[in-house]
$ cat protein-v5.tsv   # TSV, C-alpha atoms
chain	number	residue	atom	x	y	z
E	559	MET	CA	45.26	103.12	86.33
E	560	MET	CA	45.35	100.19	83.92
E	561	ALA	CA	47.19	97.03	84.88
E	562	GLU	CA	50.64	97.09	83.33
E	563	LYS	CA	51.81	94.44	80.87
E	564	PRO	CA	55.34	93.19	80.19
E	565	LEU	CA	56.87	94.67	77.05
E	566	LYS	CA	55.90	93.40	73.58
E	567	ILE	CA	57.20	95.08	70.47
E	568	ASP	CA	55.27	95.04	67.23
E	569	VAL	CA	57.18	95.94	64.05
E	570	GLY	CA	55.07	96.79	60.98
E	571	ARG	CA	55.80	97.88	57.41
E	572	PRO	CA	52.87	100.03	56.23
E	573	SER	CA	54.98	100.91	53.20
E	574	GLU	CA	57.99	99.15	51.76
E	575	ARG	CA	60.65	101.54	53.04
E	576	VAL	CA	59.11	102.70	56.34
E	577	GLU	CA	59.06	100.72	59.57
E	578	VAL	CA	56.61	101.37	62.40
E	579	VAL	CA	57.90	100.15	65.78
E	580	ARG	CA	55.21	99.83	68.43
E	581	PRO	CA	56.33	98.96	71.97
E	582	MET	CA	53.38	97.77	74.06
E	583	GLY	CA	53.60	97.64	77.84
E	584	GLU	CA	56.37	98.87	80.08
E	585	VAL	CA	59.75	100.21	79.05
E	586	ASP	CA	62.07	100.09	82.06
E	587	MET	CA	65.59	99.07	83.00
E	588	ASN	CA	64.63	95.43	82.49
E	589	SER	CA	62.87	95.71	79.12
E	590	SER	CA	64.52	98.71	77.42
E	591	PRO	CA	67.36	96.57	75.94
E	592	GLN	CA	64.63	94.78	73.88
E	593	LEU	CA	63.51	98.08	72.36
E	594	ARG	CA	67.12	99.13	71.84
E	595	GLU	CA	67.77	95.98	69.83
E	596	VAL	CA	64.73	96.53	67.59
E	597	LEU	CA	65.64	100.18	66.91
E	598	LYS	CA	69.25	99.30	66.17
E	599	LYS	CA	68.15	96.69	63.62
E	600	ALA	CA	65.71	99.14	62.04
E	601	ALA	CA	68.44	101.78	61.72
E	602	ASP	CA	70.80	99.21	60.20
E	603	ARG	CA	68.26	98.46	57.46
E	604	HIS	CA	68.78	101.98	56.03
E	605	LEU	CA	65.07	102.57	55.52
E	606	ASP	CA	63.40	105.78	54.36
E	607	GLY	CA	61.84	106.32	57.75
E	608	ILE	CA	61.29	104.94	61.25
E	609	VAL	CA	58.12	105.73	63.17
E	610	LEU	CA	58.03	104.87	66.85
E	611	ASP	CA	54.38	104.57	67.85
E	612	LEU	CA	54.23	105.06	71.64
E	613	SER	CA	50.46	104.79	72.08
E	614	GLU	CA	50.61	101.52	74.01
E	615	VAL	CA	53.40	102.45	76.42
E	616	ASP	CA	52.01	102.07	79.97
E	617	HIS	CA	55.22	103.04	81.73
E	618	MET	CA	58.50	104.52	80.58
E	619	ASP	CA	61.48	105.53	82.69
E	620	SER	CA	64.81	107.20	81.99
E	621	SER	CA	66.27	104.00	80.51
E	622	GLY	CA	63.44	104.06	77.93
E	623	VAL	CA	64.11	107.72	77.16
E	624	ALA	CA	67.80	106.87	76.75
E	625	VAL	CA	66.84	104.27	74.12
E	626	LEU	CA	64.67	106.82	72.27
E	627	ILE	CA	67.72	109.13	72.15
E	628	GLU	CA	69.96	106.32	70.94
E	629	GLY	CA	67.45	105.53	68.18
E	630	LEU	CA	67.49	109.17	67.13
E	631	ARG	CA	71.30	109.18	67.00
E	632	TRP	CA	71.56	105.99	64.95
E	633	SER	CA	68.88	107.22	62.53
E	634	ARG	CA	70.45	110.65	62.15
E	635	SER	CA	73.89	109.22	61.47
E	636	ARG	CA	72.38	107.13	58.65
E	637	GLY	CA	70.19	109.98	57.36
E	638	ILE	CA	66.95	108.17	58.22
E	639	PRO	CA	63.97	110.34	59.28
E	640	TYR	CA	62.90	109.27	62.80
E	641	TRP	CA	59.45	110.15	64.07
E	642	LEU	CA	57.67	109.56	67.36
E	643	SER	CA	53.89	109.31	67.17
E	644	ASN	CA	50.79	108.86	69.24
E	645	LEU	CA	52.41	109.46	72.64
E	646	SER	CA	50.68	107.82	75.61
E	647	ASP	CA	50.54	109.86	78.83
E	648	ALA	CA	53.33	107.75	80.34
E	649	ALA	CA	55.61	108.44	77.35
E	650	ARG	CA	54.68	112.11	77.08
E	651	VAL	CA	55.44	112.79	80.76
E	652	VAL	CA	59.03	111.54	80.60
E	653	ILE	CA	59.76	113.13	77.22
E	654	GLU	CA	58.55	116.46	78.57
E	655	LEU	CA	60.43	116.06	81.88
E	656	ALA	CA	63.61	115.41	79.90
E	657	LYS	CA	62.75	118.51	77.79
E	658	LEU	CA	63.06	116.44	74.64
E	659	ASP	CA	59.69	117.39	73.15
E	660	SER	CA	61.44	119.86	70.85
E	661	VAL	CA	64.30	117.50	70.01
E	662	PHE	CA	62.14	114.72	68.53
E	663	HIS	CA	59.73	115.01	65.59
E	664	ILE	CA	56.44	114.16	67.30
E	665	SER	CA	53.21	113.48	65.40
E	666	GLU	CA	49.75	113.19	66.87
E	667	THR	CA	49.05	109.96	64.99
E	668	THR	CA	51.06	107.34	63.15
E	669	ARG	CA	49.06	108.12	59.98
E	670	GLU	CA	50.17	111.76	60.23
E	671	ALA	CA	53.79	110.64	60.69
E	672	MET	CA	53.49	108.47	57.57
E	673	GLU	CA	52.09	111.40	55.57
E	674	ASP	CA	54.92	113.64	56.78
E	675	LEU	CA	57.45	111.04	55.72
E	676	ARG	CA	55.78	110.63	52.33
E	677	GLY	CA	55.83	114.41	51.86
E	678	LYS	CA	59.50	114.43	52.71
E	679	SER	CA	60.46	111.74	50.23
E	680	GLU	CA	58.47	113.28	47.34
N	655	MET	CA	61.00	124.26	118.64
N	656	GLU	CA	61.25	123.15	122.24
N	657	HIS	CA	64.35	123.93	124.27
N	658	LEU	CA	65.34	122.00	127.39
N	659	ASN	CA	67.45	124.04	129.77
N	660	SER	CA	67.40	122.36	133.14
N	661	ARG	CA	70.57	122.47	135.22
N	662	SER	CA	69.26	119.85	137.60
N	663	GLY	CA	66.23	117.61	137.96
N	664	HIS	CA	64.39	116.02	135.05
N	665	ASP	CA	62.60	117.16	131.95
N	666	HIS	CA	60.37	114.96	129.84
N	667	ILE	CA	59.70	115.45	126.20
N	668	ALA	CA	57.76	113.06	123.94
N	669	LEU	CA	59.45	112.49	120.61
N	670	GLN	CA	57.72	111.33	117.47
N	671	ARG	CA	59.12	110.15	114.21
N	672	GLY	CA	60.69	113.00	112.26
N	673	ASP	CA	61.61	114.87	115.43
N	674	LYS	CA	65.23	115.72	116.08
N	675	LEU	CA	66.98	115.98	119.43
N	676	VAL	CA	70.14	118.12	119.55
N	677	LEU	CA	72.49	117.69	122.53
N	678	TYR	CA	75.50	119.99	122.82
N	679	THR	CA	78.12	121.43	125.11
N	680	ASP	CA	78.43	125.18	125.73
N	681	GLY	CA	81.48	125.35	123.46
N	682	LEU	CA	79.09	125.18	120.51
N	683	PHE	CA	77.41	128.53	121.19
N	684	GLU	CA	80.08	130.36	123.19
N	685	VAL	CA	81.70	131.75	120.08
N	686	PHE	CA	82.27	135.38	119.21
N	687	GLY	CA	81.58	137.22	115.98
N	688	SER	CA	83.33	140.20	114.41
N	689	SER	CA	81.94	142.89	116.75
N	690	GLY	CA	82.63	140.77	119.81
N	691	ALA	CA	78.98	139.65	119.96
N	692	ILE	CA	78.37	136.17	121.30
N	693	LEU	CA	76.32	133.67	119.29
N	694	GLY	CA	74.63	132.40	122.46
N	695	VAL	CA	71.75	130.00	122.90
N	696	GLU	CA	69.36	132.32	121.02
N	697	GLY	CA	71.68	132.45	118.01
N	698	LEU	CA	72.03	128.68	118.11
N	699	LYS	CA	68.26	128.23	118.27
N	700	GLU	CA	67.88	130.41	115.19
N	701	ILE	CA	70.38	128.27	113.28
N	702	LEU	CA	68.57	125.08	114.33
N	703	SER	CA	65.20	126.57	113.39
N	704	ARG	CA	66.44	127.36	109.90
N	705	GLY	CA	67.64	123.77	109.49
N	706	ARG	CA	64.68	122.04	111.09
N	707	GLU	CA	63.48	120.45	107.82
N	708	ARG	CA	66.88	118.88	107.14
N	709	ASN	CA	67.79	115.34	108.11
N	710	ALA	CA	70.25	114.74	110.97
N	711	THR	CA	73.29	114.51	108.71
N	712	ASP	CA	72.54	117.69	106.78
N	713	LEU	CA	71.53	119.52	109.95
N	714	SER	CA	74.89	118.62	111.57
N	715	ALA	CA	76.78	119.85	108.53
N	716	SER	CA	74.87	123.14	108.33
N	717	LEU	CA	75.22	123.65	112.10
N	718	VAL	CA	79.02	123.45	111.88
N	719	GLU	CA	79.06	125.63	108.79
N	720	GLU	CA	76.83	128.37	110.23
N	721	VAL	CA	78.61	128.50	113.58
N	722	GLU	CA	81.95	128.75	111.80
N	723	THR	CA	80.64	131.47	109.50
N	724	PHE	CA	79.58	133.46	112.56
N	725	ARG	CA	82.84	132.89	114.47
N	726	GLU	CA	85.59	135.51	113.96
N	727	ARG	CA	87.65	134.90	117.11
N	728	PRO	CA	89.54	131.81	118.31
N	729	ARG	CA	87.58	129.25	120.31
N	730	LYS	CA	88.12	129.09	124.05
N	731	ASP	CA	86.34	125.81	124.65
N	732	ASP	CA	85.99	122.36	123.12
N	733	VAL	CA	82.79	121.44	121.25
N	734	SER	CA	80.68	118.30	121.25
N	735	PHE	CA	77.22	117.86	119.88
N	736	LEU	CA	74.86	115.09	118.85
N	737	VAL	CA	71.90	115.32	116.49
N	738	LEU	CA	69.48	112.46	116.97
N	739	GLU	CA	66.67	111.93	114.50
N	740	LEU	CA	63.80	109.53	115.01
N	741	THR	CA	63.18	107.70	111.77
N	742	SER	CA	62.10	104.13	111.07
N	743	PRO	CA	59.69	102.24	113.37
N	744	THR	CA	61.23	98.74	113.17
N	745	ARG	CA	63.16	98.63	116.43
N	746	SER	CA	62.07	99.83	119.83
N	747	ARG	CA	65.49	100.89	121.08
N	748	PRO	CA	67.81	103.35	119.45
N	749	SER	CA	70.63	101.72	117.49
N	750	ARG	CA	74.15	102.92	118.13
N	751	LYS	CA	75.33	101.80	114.73
N	752	GLY	CA	74.29	104.99	112.99
N	753	VAL	CA	76.66	107.30	114.87
N	754	ARG	CA	78.44	109.46	112.34
N	755	GLN	CA	79.84	112.92	112.85
N	756	GLY	CA	77.56	113.64	115.73
N	757	THR	CA	74.42	112.21	114.17
N	758	GLU	CA	72.39	109.19	115.10
N	759	THR	CA	69.27	107.75	113.59
N	760	ALA	CA	66.91	105.86	115.85
N	761	ASP	CA	63.50	104.32	115.54
N	762	ALA	CA	60.17	105.60	116.74
N	763	PRO	CA	56.57	104.47	116.56
N	764	ALA	CA	54.59	105.65	113.57
N	765	ARG	CA	52.81	108.96	114.03
N	766	THR	CA	49.09	108.80	114.62
N	767	GLY	CA	47.20	108.57	111.34
N	768	GLU	CA	50.18	107.13	109.52
N	769	GLU	CA	50.11	103.78	107.73
N	770	GLU	CA	53.01	101.85	106.40
N	771	VAL	CA	53.69	99.36	103.62
N	772	ARG	CA	57.00	97.49	103.56
N	773	VAL	CA	58.47	95.10	101.08
N	774	THR	CA	61.97	93.86	100.34
N	775	ILE	CA	62.92	93.02	96.77
N	776	PRO	CA	66.09	91.48	95.31
N	777	SER	CA	68.40	93.91	93.51
N	778	GLN	CA	67.15	92.78	90.11
N	779	ALA	CA	65.44	94.84	87.42
N	780	ARG	CA	62.69	92.24	86.88
N	781	TYR	CA	61.32	93.00	90.36
N	782	LEU	CA	60.72	96.65	89.45
N	783	ARG	CA	57.51	95.80	87.63
N	784	PRO	CA	55.78	94.08	90.58
N	785	LEU	CA	56.99	96.88	92.87
N	786	ARG	CA	55.48	99.52	90.55
N	787	ALA	CA	52.23	97.54	90.45
N	788	LEU	CA	52.14	97.45	94.25
N	789	VAL	CA	52.72	101.19	94.56
N	790	SER	CA	50.04	101.93	91.94
N	791	ARG	CA	47.51	99.78	93.75
N	792	VAL	CA	48.27	101.31	97.14
N	793	ALA	CA	48.03	104.83	95.68
N	794	GLN	CA	44.72	103.92	94.04
N	795	GLU	CA	43.46	102.46	97.31
N	796	ILE	CA	44.11	105.69	99.23
N	797	GLY	CA	42.63	107.84	96.46
N	798	PHE	CA	45.90	109.43	95.34
N	799	PRO	CA	45.36	111.24	92.01
N	800	GLU	CA	46.45	109.45	88.82
N	801	VAL	CA	48.98	112.03	87.59
N	802	GLU	CA	50.70	112.18	91.01
N	803	THR	CA	50.64	108.39	91.22
N	804	ARG	CA	52.46	108.17	87.91
N	805	GLU	CA	55.10	110.60	89.22
N	806	LEU	CA	55.46	108.64	92.46
N	807	VAL	CA	55.82	105.33	90.60
N	808	LEU	CA	58.36	106.83	88.18
N	809	SER	CA	60.47	108.22	91.04
N	810	ILE	CA	60.52	104.88	92.87
N	811	ASP	CA	61.43	103.09	89.65
N	812	GLU	CA	64.31	105.50	89.00
N	813	ALA	CA	65.58	105.30	92.58
N	814	CYS	CA	65.58	101.47	92.52
N	815	SER	CA	67.29	101.46	89.11
N	816	ASN	CA	70.02	103.69	90.58
N	817	ILE	CA	70.47	101.29	93.52
N	818	ILE	CA	70.75	98.29	91.16
N	819	LYS	CA	73.20	100.09	88.86
N	820	HIS	CA	75.30	102.15	91.27
N	821	ALA	CA	75.08	100.61	94.76
N	822	TYR	CA	75.04	96.93	93.73
N	823	LYS	CA	76.71	97.43	90.33
N	824	GLY	CA	74.37	94.86	88.80
N	825	ALA	CA	74.97	92.16	91.46
N	826	PRO	CA	71.66	90.25	91.74
N	827	ASP	CA	72.04	89.05	95.35
N	828	GLY	CA	71.51	92.39	97.09
N	829	THR	CA	68.27	93.60	98.64
N	830	ILE	CA	66.26	96.79	98.42
N	831	GLU	CA	64.07	97.52	101.40
N	832	PHE	CA	61.09	99.61	100.35
N	833	ILE	CA	58.98	101.47	102.89
N	834	LEU	CA	55.95	103.58	101.96
N	835	ARG	CA	54.53	105.77	104.71
N	836	VAL	CA	51.13	107.23	104.10
N	837	SER	CA	49.81	110.04	106.25
N	838	PRO	CA	47.02	112.55	105.66
N	839	GLU	CA	49.67	115.11	104.63
N	840	SER	CA	52.09	113.14	102.53
N	841	ILE	CA	53.48	109.94	101.08
N	842	VAL	CA	57.05	109.28	102.16
N	843	VAL	CA	59.09	106.64	100.37
N	844	GLU	CA	62.20	105.22	101.97
N	845	LEU	CA	64.61	102.95	100.12
N	846	ARG	CA	67.43	101.20	101.97
N	847	ASP	CA	70.16	99.14	100.43
N	848	ARG	CA	73.31	97.43	101.68
N	849	GLY	CA	75.40	98.11	98.61
N	850	GLU	CA	78.30	100.46	98.04
N	851	LYS	CA	77.85	103.98	99.27
N	852	ILE	CA	76.61	106.27	96.55
N	853	SER	CA	77.78	109.83	96.62
N	854	PRO	CA	74.76	111.99	95.74
N	855	SER	CA	77.02	113.96	93.39
N	856	GLU	CA	77.75	110.71	91.52
N	857	ILE	CA	74.14	110.38	90.43
N	858	GLN	CA	73.32	114.05	90.09
N	859	GLY	CA	71.15	114.91	87.11
N	860	ARG	CA	73.06	116.13	84.11
N	861	GLU	CA	72.57	119.26	82.04
N	862	LEU	CA	69.41	118.67	80.01
N	863	LYS	CA	70.69	120.65	77.06
N	864	ASP	CA	73.11	117.83	76.27
N	865	VAL	CA	70.94	115.44	74.29
N	866	LYS	CA	72.43	112.08	75.22
N	867	PRO	CA	71.32	108.88	76.89
N	868	GLY	CA	71.73	108.46	80.66
N	869	GLY	CA	71.76	110.71	83.71
N	870	LEU	CA	68.04	111.53	83.63
N	871	GLY	CA	66.81	109.38	86.53
N	872	THR	CA	67.78	111.71	89.37
N	873	HIS	CA	66.41	114.67	87.42
N	874	PHE	CA	63.04	112.86	87.10
N	875	MET	CA	63.00	112.12	90.85
N	876	ARG	CA	63.64	115.76	91.72
N	877	CYS	CA	60.96	116.97	89.30
N	878	CYS	CA	58.32	114.49	90.45
N	879	MET	CA	58.79	114.56	94.23
N	880	ASP	CA	58.52	117.49	96.65
N	881	ARG	CA	61.61	116.42	98.54
N	882	VAL	CA	64.50	114.03	97.81
N	883	GLU	CA	67.09	113.34	100.53
N	884	PHE	CA	70.12	111.08	100.39
N	885	ASP	CA	71.05	109.92	103.89
N	886	THR	CA	74.63	108.64	103.92
N	887	SER	CA	74.93	108.36	107.71
N	888	SER	CA	74.68	104.56	107.95
N	889	ASP	CA	77.81	102.41	108.13
N	890	ARG	CA	76.96	100.46	105.03
N	891	GLY	CA	74.61	101.10	102.17
N	892	ASN	CA	72.37	104.03	101.44
N	893	ILE	CA	69.05	105.43	102.56
N	894	LEU	CA	66.99	107.54	100.19
N	895	ARG	CA	63.92	109.38	101.38
N	896	MET	CA	61.44	111.02	99.01
N	897	THR	CA	58.32	112.92	99.96
N	898	LYS	CA	55.26	113.76	97.94
N	899	ARG	CA	52.66	116.02	99.53
N	900	ARG	CA	48.99	115.09	99.26
$ encode --input "protein-v5.tsv" --output "structure tokens"
Amino acid sequence: MMAEKPLKIDVGRPSERVEVVRPMGEVDMNSSPQLREVLKKAADRHLDGIVLDLSEVDHMDSSGVAVLIEGLRWSRSRGIPYWLSNLSDAARVVIELAKLDSVFHISETTREAMEDLRGKSE
Amino acid sequence: MEHLNSRSGHDHIALQRGDKLVLYTDGLFEVFGSSGAILGVEGLKEILSRGRERNATDLSASLVEEVETFRERPRKDDVSFLVLELTSPTRSRPSRKGVRQGTETADAPARTGEEEVRVTIPSQARYLRPLRALVSRVAQEIGFPEVETRELVLSIDEACSNIIKHAYKGAPDGTIEFILRVSPESIVVELRDRGEKISPSEIQGRELKDVKPGGLGTHFMRCCMDRVEFDTSSDRGNILRMTKRR
């Protein structure tokens, strides 16, 4: 198993109206408020889409899953499409245990999520 | 299951950790069912056999429940019983502090082939990361598979988060005693805190069909571990035991 890192969150704008949020490291009780803050700000920007790239998540617990659900709620209430992409094993395990794999839009890759979003806005 | 029945003289029986010793007066089994049949020692042994995997607290509760379910006629005698379970290996003499409703937990030497890792962390979320790292490295060291290791680490993380949130209510000056027991058959995790007593029902997993944040931690623990037991028999604090088979 790879050594775990503390949480870093990268926020990118591959297109003007879509934000890609990429948490890197561990999402736990200590670090999940950081991710919550970033998602809340993204939702408040009323973008055309939010993609949460989970490829670099080494560990995620129920507090991290709770933040993913909060992000979905904020986005839905503002009519913003909200995609998860590129799930690491650590992220996939908890999403499946919580039986949320059918609740979220999940794409294999971030590129695929972007294409889906583009298709939606056209 | 061994049964000691001497009316005089001495019997010796070697106890190891995990073993339970049940002492009782005859009032416990001299009860009569609907057809006038007596429960008797054999009936009592059957009840104890069925509950042998339970901890001392749960075994006491199920013993009372099953005897009362059997009993249809008024009691003629008083009842006393004690369930003693040998648990942690820290002290050489049994502690009397754990006496609760006829149960007592005492300490015993580790079983042969069992190894133990202990660490105490402050009740602060920032210590979860080093604890997870420790558990991962120990699991790697003993050749525990990666998927199972992830489940073990997740369960420990969730259990400690519950202690920080519910037992200590965010107070940073508490402690969490973490004990990992590795044997050829299983990995047993024990977490002890000195915070407020948590009722297991308080942190029960919620219905998954409600998509909302919170309440998932206990559900994760139950999914990832083979056994999860909340031991509320101590005077203060909580003991959580989780087992994962190898």
$ atom_distance --input "protein-v5.tsv" --atom1 "CA of His617 (chain E)" --atom2 "CA of Glu584 (chain E)"
4.6 Å
$ closest_atom_pairs --input "protein-v5.tsv" --of "chain N" --to "chain E" --cutoff "9 Å" --atoms "all atoms listed in the file" --output "tab-separated table"
residue	atom	partner	partner_atom	distance
N:Gln778	CA	E:Asn588	CA	8.5
N:Ala779	CA	E:Asn588	CA	5.0
N:Arg780	CA	E:Asn588	CA	5.8
N:Tyr781	CA	E:Asn588	CA	8.9
N:Leu782	CA	E:Asn588	CA	8.1
N:Arg783	CA	E:Pro564	CA	8.2
N:Ala787	CA	E:Glu562	CA	7.3
N:Ser790	CA	E:Met559	CA	7.5
N:Arg791	CA	E:Met559	CA	8.4
N:Gln794	CA	E:Met559	CA	7.8
N:Glu800	CA	E:Met559	CA	6.9
N:Thr803	CA	E:Met559	CA	9.0
N:Arg804	CA	E:Ala648	CA	7.6
N:Glu805	CA	E:Val651	CA	8.7
N:Leu808	CA	E:Asp619	CA	6.4
N:Ser809	CA	E:Asp619	CA	8.8
N:Asp811	CA	E:Asp619	CA	7.4
N:Glu812	CA	E:Asp619	CA	6.9
N:Ser815	CA	E:Met587	CA	6.8
N:Leu862	CA	E:Ala656	CA	6.7
N:Lys863	CA	E:Lys657	CA	8.3
N:Val865	CA	E:Ile627	CA	7.4
N:Lys866	CA	E:Ile627	CA	6.3
N:Pro867	CA	E:Ala624	CA	4.1
N:Gly868	CA	E:Ala624	CA	5.8
N:Gly869	CA	E:Ser620	CA	8.0
N:Leu870	CA	E:Ser620	CA	5.6
N:Gly871	CA	E:Ser620	CA	5.4
N:His873	CA	E:Ala656	CA	8.1
N:Phe874	CA	E:Leu655	CA	6.7
N:Cys877	CA	E:Leu655	CA	7.5
N:Cys878	CA	E:Leu655	CA	9.0
$ atom_distance --input "protein-v5.tsv" --atom1 "CA of Pro728 (chain N)" --atom2 "CA of Asp680 (chain N)"
14.9 Å
$ atom_distance --input "protein-v5.tsv" --atom1 "CA of Val718 (chain N)" --atom2 "CA of Leu738 (chain N)"
15.4 Å
$ residues_around --input "protein-v5.tsv" --residues "Arg676 (chain E)" --least-positions-apart "6" --cutoff "12 Å" --atoms "only C-alpha atoms" --output "count of residues only"
11
$ residues_around --input "protein-v5.tsv" --residues "Asn709 (chain N)" --least-positions-apart "6" --cutoff "8 Å" --atoms "all atoms listed in the file" --output "ChimeraX atom specification"
/N:739,883,885
$ write_last_selection --input "protein-v5.tsv" --atoms "C-alpha atoms" --output "compact mmCIF listing (two decimals), keeping the file's coordinate frame"
# COMPACT_ATOMS: atom_id res chain seq x y z
CA GLU N 739 66.67 111.93 114.50
CA GLU N 883 67.09 113.34 100.53
CA ASP N 885 71.05 109.92 103.89
$ residues_around --input "protein-v5.tsv" --residues "Lys674 (chain N)" --least-positions-apart "3" --cutoff "9 Å" --atoms "all atoms listed in the file" --output "list in words"
Leu669, Gln670, Arg671, Arg706, Asn709, Ala710, Val737, Leu738, Glu739 and Leu740 of chain N
$ build_atoms --input "protein-v5.tsv" --residues "region 631-647 of chain E" --atoms "N, CA, C and O atoms" --output "PDB file, keeping the file's coordinate frame"
ATOM      1  N   ARG E 631      69.891 109.037  67.414  1.00  0.00           N
ATOM      2  CA  ARG E 631      71.300 109.180  67.000  1.00  0.00           C
ATOM      3  C   ARG E 631      71.655 108.236  65.848  1.00  0.00           C
ATOM      4  O   ARG E 631      72.280 108.630  64.883  1.00  0.00           O
ATOM      5  N   TRP E 632      71.253 106.968  66.015  1.00  0.00           N
ATOM      6  CA  TRP E 632      71.560 105.990  64.950  1.00  0.00           C
ATOM      7  C   TRP E 632      70.892 106.408  63.649  1.00  0.00           C
ATOM      8  O   TRP E 632      71.499 106.300  62.582  1.00  0.00           O
ATOM      9  N   SER E 633      69.613 106.850  63.737  1.00  0.00           N
ATOM     10  CA  SER E 633      68.880 107.220  62.530  1.00  0.00           C
ATOM     11  C   SER E 633      69.518 108.441  61.878  1.00  0.00           C
ATOM     12  O   SER E 633      69.723 108.468  60.667  1.00  0.00           O
ATOM     13  N   ARG E 634      69.846 109.423  62.688  1.00  0.00           N
ATOM     14  CA  ARG E 634      70.450 110.650  62.150  1.00  0.00           C
ATOM     15  C   ARG E 634      71.756 110.338  61.425  1.00  0.00           C
ATOM     16  O   ARG E 634      72.012 110.860  60.354  1.00  0.00           O
ATOM     17  N   SER E 635      72.571 109.498  62.061  1.00  0.00           N
ATOM     18  CA  SER E 635      73.890 109.220  61.470  1.00  0.00           C
ATOM     19  C   SER E 635      73.760 108.472  60.144  1.00  0.00           C
ATOM     20  O   SER E 635      74.680 108.478  59.342  1.00  0.00           O
ATOM     21  N   ARG E 636      72.598 107.836  59.916  1.00  0.00           N
ATOM     22  CA  ARG E 636      72.380 107.130  58.650  1.00  0.00           C
ATOM     23  C   ARG E 636      71.448 107.916  57.733  1.00  0.00           C
ATOM     24  O   ARG E 636      71.017 107.406  56.697  1.00  0.00           O
ATOM     25  N   GLY E 637      71.071 109.118  58.170  1.00  0.00           N
ATOM     26  CA  GLY E 637      70.190 109.980  57.360  1.00  0.00           C
ATOM     27  C   GLY E 637      68.764 109.468  57.264  1.00  0.00           C
ATOM     28  O   GLY E 637      68.059 109.737  56.291  1.00  0.00           O
ATOM     29  N   ILE E 638      68.322 108.718  58.256  1.00  0.00           N
ATOM     30  CA  ILE E 638      66.950 108.170  58.220  1.00  0.00           C
ATOM     31  C   ILE E 638      66.022 109.073  59.057  1.00  0.00           C
ATOM     32  O   ILE E 638      66.298 109.296  60.242  1.00  0.00           O
ATOM     33  N   PRO E 639      64.934 109.582  58.458  1.00  0.00           N
ATOM     34  CA  PRO E 639      63.970 110.340  59.280  1.00  0.00           C
ATOM     35  C   PRO E 639      63.414 109.458  60.412  1.00  0.00           C
ATOM     36  O   PRO E 639      63.108 108.285  60.176  1.00  0.00           O
ATOM     37  N   TYR E 640      63.278 110.037  61.603  1.00  0.00           N
ATOM     38  CA  TYR E 640      62.900 109.270  62.800  1.00  0.00           C
ATOM     39  C   TYR E 640      61.791 110.043  63.502  1.00  0.00           C
ATOM     40  O   TYR E 640      62.006 111.173  63.935  1.00  0.00           O
ATOM     41  N   TRP E 641      60.618 109.467  63.517  1.00  0.00           N
ATOM     42  CA  TRP E 641      59.450 110.150  64.070  1.00  0.00           C
ATOM     43  C   TRP E 641      58.916 109.428  65.313  1.00  0.00           C
ATOM     44  O   TRP E 641      58.932 108.200  65.335  1.00  0.00           O
ATOM     45  N   LEU E 642      58.445 110.172  66.276  1.00  0.00           N
ATOM     46  CA  LEU E 642      57.670 109.560  67.360  1.00  0.00           C
ATOM     47  C   LEU E 642      56.213 109.905  67.097  1.00  0.00           C
ATOM     48  O   LEU E 642      55.921 111.007  66.627  1.00  0.00           O
ATOM     49  N   SER E 643      55.304 108.989  67.392  1.00  0.00           N
ATOM     50  CA  SER E 643      53.890 109.310  67.170  1.00  0.00           C
ATOM     51  C   SER E 643      53.036 108.794  68.303  1.00  0.00           C
ATOM     52  O   SER E 643      53.443 107.890  69.044  1.00  0.00           O
ATOM     53  N   ASN E 644      51.849 109.424  68.411  1.00  0.00           N
ATOM     54  CA  ASN E 644      50.790 108.860  69.240  1.00  0.00           C
ATOM     55  C   ASN E 644      51.229 108.622  70.691  1.00  0.00           C
ATOM     56  O   ASN E 644      51.016 107.548  71.253  1.00  0.00           O
ATOM     57  N   LEU E 645      51.823 109.625  71.311  1.00  0.00           N
ATOM     58  CA  LEU E 645      52.410 109.460  72.640  1.00  0.00           C
ATOM     59  C   LEU E 645      51.356 109.145  73.718  1.00  0.00           C
ATOM     60  O   LEU E 645      50.380 109.887  73.845  1.00  0.00           O
ATOM     61  N   SER E 646      51.546 108.088  74.465  1.00  0.00           N
ATOM     62  CA  SER E 646      50.680 107.820  75.610  1.00  0.00           C
ATOM     63  C   SER E 646      51.052 108.824  76.709  1.00  0.00           C
ATOM     64  O   SER E 646      52.119 109.461  76.627  1.00  0.00           O
ATOM     65  N   ASP E 647      50.221 108.932  77.730  1.00  0.00           N
ATOM     66  CA  ASP E 647      50.540 109.860  78.830  1.00  0.00           C
ATOM     67  C   ASP E 647      51.872 109.507  79.478  1.00  0.00           C
ATOM     68  O   ASP E 647      52.675 110.373  79.775  1.00  0.00           O
TER      69      ASP E 647
END
